[in-house]
Amino acid sequence: TVIGVLASGRGSNLQAIVDAIEAGRLDAKIGAVISDNPEANVLKRMTAADIPTLCIDRRQFANRHEFEAAVAEELNIRHVELVVLAGFMRILTSYFIDRFAGKIMNIHPALLPAFPGEDAQQQAVDYGAKVSGCTVHFVDEGMDTGPIILQEAVPVLEDDTAETLSDRILHAEHILYPRALALYCEGRLKVEGRRVRIIETE
Ligand code: GRF
């Protein structure tokens, strides 16, 4: 499966995906890494790792539609079959989502439907939650609302700050995202309405 990764920042989840591919745990090929942010650390990281990366700067486009059309075009040129959002800090419109219907995944640093949107770890701390975690899900038009593929829980400790909780969640993310992608690439995810069934192997 050829995957295209959209990322805006640090790129640690992308790194975990690259590592899983190299270790033979994930049978995928990264066709493109696209960042909307020219400063993103992820661009430096991947250029060093010899992975095709490009920056599509939102500010160079008149509107969201044109920006998304440019991203979709690059993904299509590279025959991307699955779009992987890894710290991509933009909301995609239905225009883009329809073009890759059922073929966009995201990871969110909370146990959805709890704490959607930005600063999910801070939200969990502020709320006084005793557990949080991460969720890999398919992307639909809503904000972090698409069908859930995998989740992993982590404890929220008494002394946690958003930062310490983020670190614990991030560690779980790096295991969960490659696992979810492997299930997809093995053809083992079956979406039935809101529910994603994982097909067992023999
Ligand atoms: C992760 O916490 C992910 O859950 C969220 O954005 C962060 C990206 O981190 N969507 P990184 O760029 O993969 O290091």
# chains A, B, ... in the order shown; residues from 1 in each chain; ligands from 1

call {"tool": "residues_near_ligand", "arguments": {"ligand": "ligand 1", "cutoff": "6 Å", "atoms": "only C-alpha atoms and all ligand atoms", "output": "JSON, numbers by chain"}}
result
{"A": [9, 10, 11, 12, 13, 14, 86, 87, 107, 108, 109, 170]}

call {"tool": "write_last_selection", "arguments": {"atoms": "C-alpha atoms", "output": "CSV table (one decimal), in the first residue's frame"}}
result
chain,number,residue,atom,x,y,z
A,9,GLY,CA,5.2,19.7,13.0
A,10,ARG,CA,7.6,17.4,14.9
A,11,GLY,CA,7.0,14.2,12.9
A,12,SER,CA,7.5,11.6,15.7
A,13,ASN,CA,4.5,9.5,14.5
A,14,LEU,CA,5.8,9.6,11.0
A,86,ALA,CA,0.3,12.7,11.5
A,87,GLY,CA,0.1,15.9,13.4
A,107,ILE,CA,-4.4,9.8,15.3
A,108,HIS,CA,-5.8,11.8,18.2
A,109,PRO,CA,-4.2,12.1,21.7
A,170,LEU,CA,2.9,9.9,22.6

call {"tool": "select_by_dssp", "arguments": {"residues": "region 3-173 of chain A", "states": "strand (DSSP E)", "output": "PyMOL selection string"}}
result
chain A and resi 3-7+29-35+53-55+82-85+104-108+131-138+148-155

call {"tool": "write_last_selection", "arguments": {"atoms": "N, CA and C atoms", "output": "short mmCIF file (atom, residue, chain, number, x, y, z; two decimals), in the first residue's frame"}}
result
data_model
loop_
_atom_site.label_atom_id
_atom_site.label_comp_id
_atom_site.auth_asym_id
_atom_site.auth_seq_id
_atom_site.Cartn_x
_atom_site.Cartn_y
_atom_site.Cartn_z
N ILE A 3 1.36 4.91 0.94
CA ILE A 3 0.74 5.88 1.83
C ILE A 3 1.33 7.27 1.62
N GLY A 4 0.49 8.26 1.84
CA GLY A 4 0.91 9.65 1.77
C GLY A 4 0.67 10.25 3.14
N VAL A 5 1.69 10.88 3.70
CA VAL A 5 1.57 11.39 5.06
C VAL A 5 1.48 12.92 5.03
N LEU A 6 0.49 13.44 5.71
CA LEU A 6 0.38 14.89 5.87
C LEU A 6 0.75 15.24 7.30
N ALA A 7 1.69 16.14 7.46
CA ALA A 7 2.19 16.48 8.79
C ALA A 7 2.54 17.96 8.83
N LYS A 29 4.58 1.53 1.65
CA LYS A 29 5.63 2.35 1.07
C LYS A 29 5.18 3.79 1.23
N ILE A 30 6.06 4.65 1.66
CA ILE A 30 5.70 6.06 1.80
C ILE A 30 5.92 6.74 0.44
N GLY A 31 4.81 7.11 -0.21
CA GLY A 31 4.90 7.72 -1.53
C GLY A 31 5.21 9.19 -1.47
N ALA A 32 4.78 9.83 -0.37
CA ALA A 32 5.03 11.26 -0.21
C ALA A 32 4.77 11.68 1.22
N VAL A 33 5.57 12.65 1.64
CA VAL A 33 5.29 13.34 2.90
C VAL A 33 5.06 14.80 2.53
N ILE A 34 3.90 15.31 2.92
CA ILE A 34 3.57 16.69 2.59
C ILE A 34 3.35 17.48 3.86
N SER A 35 4.01 18.61 3.97
CA SER A 35 3.80 19.51 5.09
C SER A 35 3.20 20.81 4.58
N THR A 53 9.78 14.35 0.27
CA THR A 53 9.00 15.29 1.07
C THR A 53 8.76 16.56 0.28
N LEU A 54 7.62 17.15 0.49
CA LEU A 54 7.38 18.45 -0.11
C LEU A 54 6.54 19.31 0.79
N CYS A 55 6.71 20.61 0.58
CA CYS A 55 5.96 21.56 1.37
C CYS A 55 4.94 22.23 0.44
N LEU A 82 -3.57 5.56 0.56
CA LEU A 82 -4.08 5.86 1.91
C LEU A 82 -3.41 7.13 2.41
N VAL A 83 -4.23 8.07 2.88
CA VAL A 83 -3.71 9.33 3.40
C VAL A 83 -3.62 9.23 4.92
N VAL A 84 -2.44 9.49 5.44
CA VAL A 84 -2.19 9.35 6.88
C VAL A 84 -1.92 10.73 7.47
N LEU A 85 -2.80 11.16 8.36
CA LEU A 85 -2.59 12.45 9.02
C LEU A 85 -1.76 12.21 10.28
N ILE A 104 -8.63 7.94 4.61
CA ILE A 104 -7.85 8.91 5.38
C ILE A 104 -7.89 8.47 6.84
N MET A 105 -6.72 8.41 7.46
CA MET A 105 -6.62 8.05 8.87
C MET A 105 -6.01 9.18 9.67
N ASN A 106 -6.37 9.24 10.95
CA ASN A 106 -5.81 10.25 11.84
C ASN A 106 -5.51 9.60 13.18
N ILE A 107 -4.59 10.21 13.93
CA ILE A 107 -4.39 9.81 15.33
C ILE A 107 -4.66 11.01 16.21
N HIS A 108 -5.40 10.75 17.29
CA HIS A 108 -5.79 11.82 18.19
C HIS A 108 -5.33 11.46 19.61
N VAL A 131 -8.07 8.35 33.30
CA VAL A 131 -7.41 7.71 32.15
C VAL A 131 -7.61 8.58 30.92
N SER A 132 -6.64 8.53 30.04
CA SER A 132 -6.80 9.10 28.71
C SER A 132 -6.09 8.14 27.76
N GLY A 133 -5.61 8.62 26.63
CA GLY A 133 -4.95 7.69 25.73
C GLY A 133 -4.93 8.25 24.32
N CYS A 134 -4.99 7.35 23.36
CA CYS A 134 -4.97 7.79 21.97
C CYS A 134 -5.91 6.93 21.13
N THR A 135 -6.32 7.51 20.02
CA THR A 135 -7.30 6.89 19.13
C THR A 135 -6.82 7.03 17.70
N VAL A 136 -6.83 5.92 16.97
CA VAL A 136 -6.64 6.00 15.52
C VAL A 136 -8.02 5.81 14.89
N HIS A 137 -8.38 6.71 14.00
CA HIS A 137 -9.71 6.65 13.41
C HIS A 137 -9.69 7.07 11.95
N PHE A 138 -10.70 6.64 11.23
CA PHE A 138 -10.89 7.14 9.87
C PHE A 138 -11.43 8.56 9.97
N ILE A 148 -13.79 4.63 14.68
CA ILE A 148 -12.60 4.32 15.49
C ILE A 148 -12.00 2.98 15.07
N ILE A 149 -10.69 2.98 14.86
CA ILE A 149 -9.98 1.76 14.45
C ILE A 149 -9.33 1.08 15.66
N LEU A 150 -8.51 1.80 16.39
CA LEU A 150 -7.85 1.26 17.58
C LEU A 150 -7.74 2.35 18.64
N GLN A 151 -7.75 1.93 19.90
CA GLN A 151 -7.51 2.87 20.99
C GLN A 151 -6.59 2.22 22.01
N GLU A 152 -5.82 3.06 22.69
CA GLU A 152 -4.96 2.57 23.77
C GLU A 152 -5.10 3.55 24.94
N ALA A 153 -5.34 3.00 26.11
CA ALA A 153 -5.50 3.84 27.29
C ALA A 153 -4.18 4.02 28.03
N VAL A 154 -3.99 5.18 28.63
CA VAL A 154 -2.87 5.38 29.56
C VAL A 154 -3.43 6.08 30.80
N PRO A 155 -2.81 5.86 31.97
CA PRO A 155 -3.31 6.52 33.16
C PRO A 155 -2.98 8.02 33.15
#

call {"tool": "closest_residue", "arguments": {"among": "A:Ala129, A:Val2, A:Leu181, A:Leu176", "to": "Arg78 (chain A)", "atoms": "only C-alpha atoms"}}
result
A:Val2

call {"tool": "residues_around", "arguments": {"residues": "Pro116 (chain A)", "least_positions_apart": "6", "cutoff": "10 Å", "atoms": "only C-alpha atoms", "output": "list in words"}}
result
His108, Pro109, Ala110, Gln123, Met143, Asp144 and Thr145 of chain A

call {"tool": "select_by_dssp", "arguments": {"residues": "region 81-181 of chain A", "states": "alpha helix (DSSP H)", "output": "PyMOL selection string"}}
result
chain A and resi 94-99+120-127+162-181

call {"tool": "write_last_selection", "arguments": {"atoms": "N, CA and C atoms", "output": "tab-separated table (two decimals), in the first residue's frame"}}
result
chain	number	residue	atom	x	y	z
A	94	SER	N	-14.84	18.82	3.03
A	94	SER	CA	-15.47	17.66	2.41
A	94	SER	C	-14.97	17.46	0.98
A	95	TYR	N	-14.50	18.51	0.37
A	95	TYR	CA	-13.94	18.38	-0.98
A	95	TYR	C	-12.81	17.35	-0.97
A	96	PHE	N	-11.87	17.52	-0.04
A	96	PHE	CA	-10.72	16.62	0.03
A	96	PHE	C	-11.16	15.24	0.54
A	97	ILE	N	-11.98	15.25	1.56
A	97	ILE	CA	-12.38	13.99	2.19
A	97	ILE	C	-13.16	13.11	1.20
A	98	ASP	N	-13.97	13.71	0.37
A	98	ASP	CA	-14.71	12.94	-0.64
A	98	ASP	C	-13.77	12.32	-1.67
A	99	ARG	N	-12.71	13.04	-1.98
A	99	ARG	CA	-11.77	12.51	-2.98
A	99	ARG	C	-11.02	11.29	-2.48
A	120	ALA	N	-5.91	18.24	23.52
A	120	ALA	CA	-6.66	17.14	24.13
A	120	ALA	C	-6.05	16.71	25.47
A	121	GLN	N	-4.72	16.76	25.55
A	121	GLN	CA	-4.07	16.32	26.80
A	121	GLN	C	-4.35	17.32	27.92
A	122	GLN	N	-4.30	18.61	27.58
A	122	GLN	CA	-4.64	19.65	28.57
A	122	GLN	C	-6.10	19.50	29.00
A	123	GLN	N	-6.96	19.22	28.05
A	123	GLN	CA	-8.37	19.02	28.38
A	123	GLN	C	-8.54	17.87	29.38
A	124	ALA	N	-7.81	16.78	29.17
A	124	ALA	CA	-7.93	15.61	30.06
A	124	ALA	C	-7.45	15.96	31.47
A	125	VAL	N	-6.33	16.68	31.56
A	125	VAL	CA	-5.80	17.10	32.87
A	125	VAL	C	-6.80	18.03	33.56
A	126	ASP	N	-7.27	19.02	32.82
A	126	ASP	CA	-8.19	20.01	33.40
A	126	ASP	C	-9.49	19.37	33.86
A	127	TYR	N	-9.92	18.36	33.13
A	127	TYR	CA	-11.19	17.72	33.46
A	127	TYR	C	-11.07	16.83	34.69
A	162	ALA	N	0.01	18.79	31.27
A	162	ALA	CA	-0.27	18.45	29.87
A	162	ALA	C	0.97	17.84	29.22
A	163	GLU	N	2.15	18.35	29.62
A	163	GLU	CA	3.40	17.88	29.00
A	163	GLU	C	3.71	16.43	29.40
A	164	THR	N	3.61	16.14	30.68
A	164	THR	CA	3.97	14.77	31.11
A	164	THR	C	2.94	13.77	30.57
A	165	LEU	N	1.69	14.18	30.55
A	165	LEU	CA	0.66	13.28	30.00
A	165	LEU	C	0.89	13.10	28.49
A	166	SER	N	1.23	14.18	27.80
A	166	SER	CA	1.49	14.10	26.36
A	166	SER	C	2.59	13.10	26.05
A	167	ASP	N	3.64	13.11	26.87
A	167	ASP	CA	4.76	12.18	26.64
A	167	ASP	C	4.30	10.73	26.77
A	168	ARG	N	3.49	10.48	27.80
A	168	ARG	CA	3.01	9.10	28.01
A	168	ARG	C	2.09	8.68	26.87
A	169	ILE	N	1.23	9.58	26.43
A	169	ILE	CA	0.32	9.26	25.33
A	169	ILE	C	1.12	9.06	24.03
A	170	LEU	N	2.10	9.92	23.83
A	170	LEU	CA	2.88	9.85	22.59
A	170	LEU	C	3.57	8.49	22.45
A	171	HIS	N	4.06	7.99	23.56
A	171	HIS	CA	4.70	6.68	23.55
A	171	HIS	C	3.71	5.62	23.05
A	172	ALA	N	2.47	5.70	23.53
A	172	ALA	CA	1.43	4.76	23.07
A	172	ALA	C	1.08	5.00	21.60
A	173	GLU	N	1.08	6.26	21.18
A	173	GLU	CA	0.77	6.59	19.78
A	173	GLU	C	1.73	5.90	18.82
A	174	HIS	N	3.00	5.90	19.22
A	174	HIS	CA	4.04	5.37	18.33
A	174	HIS	C	3.90	3.87	18.11
A	175	ILE	N	3.23	3.20	19.02
A	175	ILE	CA	2.95	1.76	18.85
A	175	ILE	C	1.63	1.57	18.10
A	176	LEU	N	0.64	2.40	18.46
A	176	LEU	CA	-0.71	2.20	17.93
A	176	LEU	C	-0.85	2.53	16.45
A	177	TYR	N	-0.24	3.61	16.01
A	177	TYR	CA	-0.46	4.06	14.62
A	177	TYR	C	0.09	3.04	13.62
A	178	PRO	N	1.33	2.59	13.80
A	178	PRO	CA	1.82	1.56	12.86
A	178	PRO	C	0.97	0.29	12.90
A	179	ARG	N	0.45	-0.07	14.07
A	179	ARG	CA	-0.41	-1.27	14.15
A	179	ARG	C	-1.69	-1.08	13.35
A	180	ALA	N	-2.30	0.10	13.48
A	180	ALA	CA	-3.54	0.37	12.74
A	180	ALA	C	-3.27	0.37	11.23
A	181	LEU	N	-2.14	0.95	10.86
A	181	LEU	CA	-1.80	0.99	9.43
A	181	LEU	C	-1.54	-0.42	8.90

call {"tool": "closest_residue", "arguments": {"among": "A:Lys103, A:Asp50, A:Gly128, A:Gly142", "to": "Ile91 (chain A)", "atoms": "only C-alpha atoms"}}
result
A:Gly142

call {"tool": "atom_distance", "arguments": {"atom1": "CA of Glu202 (chain A)", "atom2": "CA of Ala182 (chain A)"}}
result
16.2 Å

call {"tool": "closest_residue", "arguments": {"among": "A:Asp36, A:Val18, A:Glu74, A:Gly24", "to": "Ala49 (chain A)", "atoms": "only C-alpha atoms"}}
result
A:Val18
